[in-house]
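Okay, so here's the structure we're looking at.
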Amino acid sequence: RGDWAGVIRVCEEIIASRDRYLVDAMRIKGNALLMAGQAEKAVVFYEQTLTMRPMPWARLGLARALAQTGETARCKETLNALIEESPRLMAAYDLLGKVQMSEGKAGLALETLDRAREISPNSLARHRAIAGIAEVKGDFARVEQALAQVVQKTRNSPLRETEDIARLGNALIELGEPAKAVSLLEEARTNFKSDADHPLLAAVEAI
């Protein structure tokens with residue numbers, strides 16, 4: 001119900017009892033502090049948690065809290081160390097990419113997400129994020145590469161999004177391949193009734 005104060009209170013009771021759900025309660029409390037907008041308290045909480053032992057989820061939580069408090073340099077330092085120690089923790093790459101983008105460093109953000117993609121190639125959210133950064137950079141070949149995979153993977157899936165098709169169509173236009181864009185739009189409209197009059201597809205078709 002979004003009662004984060006209630007979540008924090010109950011977690012503190014569990015933590016105080018030191019029962020077998022102690023670590024679970026600590027993880028939930030840290031997230032609740034962030035959701036409640038109490039990033040400064042979250043920083044302190046995660047720092048205290050990490051004095052117990054170096055737990056990757058706590059390092060990631062600390063980085064999220066530091067990002068919210070605007071401590072960008074320390075956030076990146078924490079994330080780089082976390083990636084070094086736990087290279088398969090994909091959320092660390094995703095957060096680092098977001099922080100780098102917030103600093104206007106699209107090239108670095110793209111490199112970070114590419115490293116994550118090489119380890120875990122099937123994340124739709126990451127392919128979409130890569131496409132978004134590539135759009136900012138004007139690298140429409142990368143946009144097409146990323147979104148073509150998303151459209152292929154979600155063609156007959158409830159995870160399918162019309163916006164992916166529109167953005168892919170726009171990338172094809174930018175690459176000088178309008179015929180491919182029109183073919184893509186026609187296929188979407190033929191196979192999915194909800195796309196027949198979709199304004200995003202109409203806008204790309206008009207271009």
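Order determines the names: the first chain of the structure tokens is A, the second B, and so forth; residues in each chain are numbered 1 upward, and ligands are numbered 1 upward as they are shown.
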* To do: Pick out each residue of chain A that DSSP on the backbone tags as helix (DSSP H, G or I); I need them as an MDAnalysis selection string.
  => chainID A and resid 4:17 22:35 39:50 56:69 72:85 90:102 106:119 124:137 140:153 162:174 178:191 193:195 199:206
Selected residues, C-alpha atoms, written as a compact mmCIF listing (two decimals), in the first residue's frame, please.
# COMPACT_ATOMS: atom_id res chain seq x y z
CA TRP A 4 6.88 2.94 3.80
CA ALA A 5 6.93 4.24 7.38
CA GLY A 6 5.03 1.10 8.38
CA VAL A 7 7.43 -1.10 6.44
CA ILE A 8 10.42 0.53 8.15
CA ARG A 9 8.84 0.15 11.59
CA VAL A 10 8.11 -3.56 11.16
CA CYS A 11 11.56 -4.20 9.67
CA GLU A 12 13.16 -2.54 12.70
CA GLU A 13 11.17 -4.85 14.99
CA ILE A 14 12.42 -7.90 13.07
CA ILE A 15 15.99 -6.60 13.08
CA ALA A 16 15.82 -5.96 16.84
CA SER A 17 14.63 -9.53 17.43
CA LEU A 22 17.27 -10.45 9.91
CA VAL A 23 19.01 -10.01 6.54
CA ASP A 24 15.71 -10.02 4.63
CA ALA A 25 14.38 -7.30 6.92
CA MET A 26 17.55 -5.26 6.41
CA ARG A 27 17.21 -5.45 2.63
CA ILE A 28 13.55 -4.44 2.79
CA LYS A 29 14.23 -1.60 5.22
CA GLY A 30 16.95 -0.12 3.00
CA ASN A 31 14.65 -0.15 -0.01
CA ALA A 32 11.80 1.33 2.05
CA LEU A 33 14.02 4.22 3.15
CA LEU A 34 14.78 5.00 -0.48
CA MET A 35 11.12 4.69 -1.51
CA ALA A 39 18.09 8.90 1.11
CA GLU A 40 20.35 10.42 3.78
CA LYS A 41 19.11 7.91 6.36
CA ALA A 42 19.53 5.16 3.76
CA VAL A 43 23.19 6.11 3.27
CA VAL A 44 23.82 5.81 7.01
CA PHE A 45 21.85 2.55 7.20
CA TYR A 46 23.76 0.91 4.34
CA GLU A 47 27.10 2.09 5.69
CA GLN A 48 26.28 0.52 9.05
CA THR A 49 25.11 -2.67 7.32
CA LEU A 50 28.39 -2.95 5.41
CA PRO A 56 26.66 -6.86 -2.69
CA TRP A 57 23.00 -5.89 -2.19
CA ALA A 58 24.04 -3.40 0.51
CA ARG A 59 26.73 -1.89 -1.73
CA LEU A 60 24.15 -1.49 -4.48
CA GLY A 61 21.70 0.07 -2.02
CA LEU A 62 24.39 2.49 -0.85
CA ALA A 63 25.07 3.48 -4.46
CA ARG A 64 21.35 4.09 -5.05
CA ALA A 65 21.17 6.23 -1.90
CA LEU A 66 24.28 8.20 -2.92
CA ALA A 67 22.77 8.81 -6.35
CA GLN A 68 19.65 10.23 -4.70
CA THR A 69 21.67 12.51 -2.42
CA THR A 72 27.76 11.25 -7.80
CA ALA A 73 31.50 10.71 -7.51
CA ARG A 74 31.15 8.44 -4.49
CA CYS A 75 28.23 6.63 -6.14
CA LYS A 76 30.34 5.82 -9.21
CA GLU A 77 33.26 4.75 -7.04
CA THR A 78 30.96 2.38 -5.14
CA LEU A 79 29.48 0.96 -8.34
CA ASN A 80 32.84 0.43 -10.03
CA ALA A 81 34.11 -1.43 -6.97
CA LEU A 82 30.91 -3.49 -6.88
CA ILE A 83 31.22 -4.42 -10.56
CA GLU A 84 34.83 -5.44 -9.97
CA GLU A 85 33.78 -7.70 -7.07
CA MET A 90 23.53 -6.42 -13.70
CA ALA A 91 21.74 -3.77 -11.65
CA ALA A 92 25.12 -2.18 -10.87
CA TYR A 93 25.84 -1.61 -14.57
CA ASP A 94 22.35 -0.24 -15.16
CA LEU A 95 22.64 2.27 -12.32
CA LEU A 96 26.15 3.30 -13.37
CA GLY A 97 24.88 3.90 -16.90
CA LYS A 98 22.06 6.11 -15.59
CA VAL A 99 24.47 8.14 -13.46
CA GLN A 100 26.85 8.58 -16.41
CA MET A 101 23.94 9.72 -18.60
CA SER A 102 22.88 12.24 -15.95
CA ALA A 106 26.56 9.20 -23.21
CA GLY A 107 29.64 7.46 -24.60
CA LEU A 108 30.67 6.11 -21.20
CA ALA A 109 27.08 5.08 -20.42
CA LEU A 110 26.91 3.14 -23.69
CA GLU A 111 30.20 1.38 -22.89
CA THR A 112 28.88 0.43 -19.44
CA LEU A 113 25.63 -1.02 -20.78
CA ASP A 114 27.49 -2.81 -23.55
CA ARG A 115 29.59 -4.59 -20.92
CA ALA A 116 26.38 -5.68 -19.21
CA ARG A 117 24.85 -6.79 -22.52
CA GLU A 118 27.83 -9.03 -23.23
CA ILE A 119 27.26 -10.81 -19.90
CA LEU A 124 14.82 -6.11 -22.95
CA ALA A 125 15.16 -3.14 -20.58
CA ARG A 126 18.90 -2.95 -21.23
CA HIS A 127 18.48 -3.10 -25.02
CA ARG A 128 15.93 -0.30 -24.76
CA ALA A 129 18.28 1.72 -22.56
CA ILE A 130 21.11 1.22 -25.07
CA ALA A 131 18.80 2.40 -27.85
CA GLY A 132 17.89 5.49 -25.83
CA ILE A 133 21.53 6.44 -25.27
CA ALA A 134 22.36 5.76 -28.92
CA GLU A 135 19.51 8.08 -29.94
CA VAL A 136 21.03 10.86 -27.82
CA LYS A 137 24.38 10.26 -29.52
CA PHE A 140 21.06 5.22 -35.29
CA ALA A 141 22.88 2.09 -36.43
CA ARG A 142 23.14 1.14 -32.72
CA VAL A 143 19.50 2.12 -32.21
CA GLU A 144 18.47 -0.20 -35.03
CA GLN A 145 20.68 -3.01 -33.72
CA ALA A 146 19.25 -2.80 -30.20
CA LEU A 147 15.58 -2.31 -31.07
CA ALA A 148 15.58 -4.95 -33.82
CA GLN A 149 16.41 -7.48 -31.11
CA VAL A 150 13.69 -6.13 -28.82
CA VAL A 151 11.05 -6.23 -31.57
CA GLN A 152 12.10 -9.76 -32.55
CA LYS A 153 12.06 -11.06 -28.97
CA THR A 162 4.37 -0.27 -29.94
CA GLU A 163 6.90 2.44 -29.06
CA ASP A 164 9.72 0.00 -29.86
CA ILE A 165 8.40 -0.41 -33.40
CA ALA A 166 8.00 3.36 -33.85
CA ARG A 167 11.54 4.06 -32.61
CA LEU A 168 12.95 1.30 -34.81
CA GLY A 169 11.07 2.75 -37.77
CA ASN A 170 12.50 6.20 -37.03
CA ALA A 171 16.03 4.74 -36.82
CA LEU A 172 15.57 3.10 -40.23
CA ILE A 173 14.48 6.45 -41.68
CA GLU A 174 17.55 8.15 -40.18
CA PRO A 178 12.40 4.39 -45.44
CA ALA A 179 11.13 1.36 -47.41
CA LYS A 180 12.20 -0.91 -44.54
CA ALA A 181 10.48 1.43 -42.10
CA VAL A 182 7.20 1.32 -44.05
CA SER A 183 7.42 -2.48 -44.28
CA LEU A 184 7.95 -2.68 -40.50
CA LEU A 185 4.90 -0.48 -39.85
CA GLU A 186 2.71 -2.44 -42.25
CA GLU A 187 3.70 -5.70 -40.59
CA ALA A 188 2.80 -4.30 -37.15
CA ARG A 189 -0.59 -3.07 -38.34
CA THR A 190 -1.36 -6.34 -40.10
CA ASN A 191 -0.48 -8.54 -37.13
CA LYS A 193 -5.14 -4.68 -34.40
CA SER A 194 -4.21 -2.30 -31.57
CA ASP A 195 -1.55 -0.77 -33.84
CA PRO A 199 -0.47 7.79 -33.48
CA LEU A 200 3.20 6.90 -32.98
CA LEU A 201 3.19 4.65 -36.04
CA ALA A 202 1.24 7.23 -38.03
CA ALA A 203 3.85 9.88 -37.17
CA VAL A 204 6.72 7.68 -38.36
CA GLU A 205 4.81 6.76 -41.51
CA ALA A 206 4.22 10.45 -42.26
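Taking atom CA of Phe192 of chain A and atom CA of Asp139 of chain A as endpoints, the distance between them is 29.0 Å.
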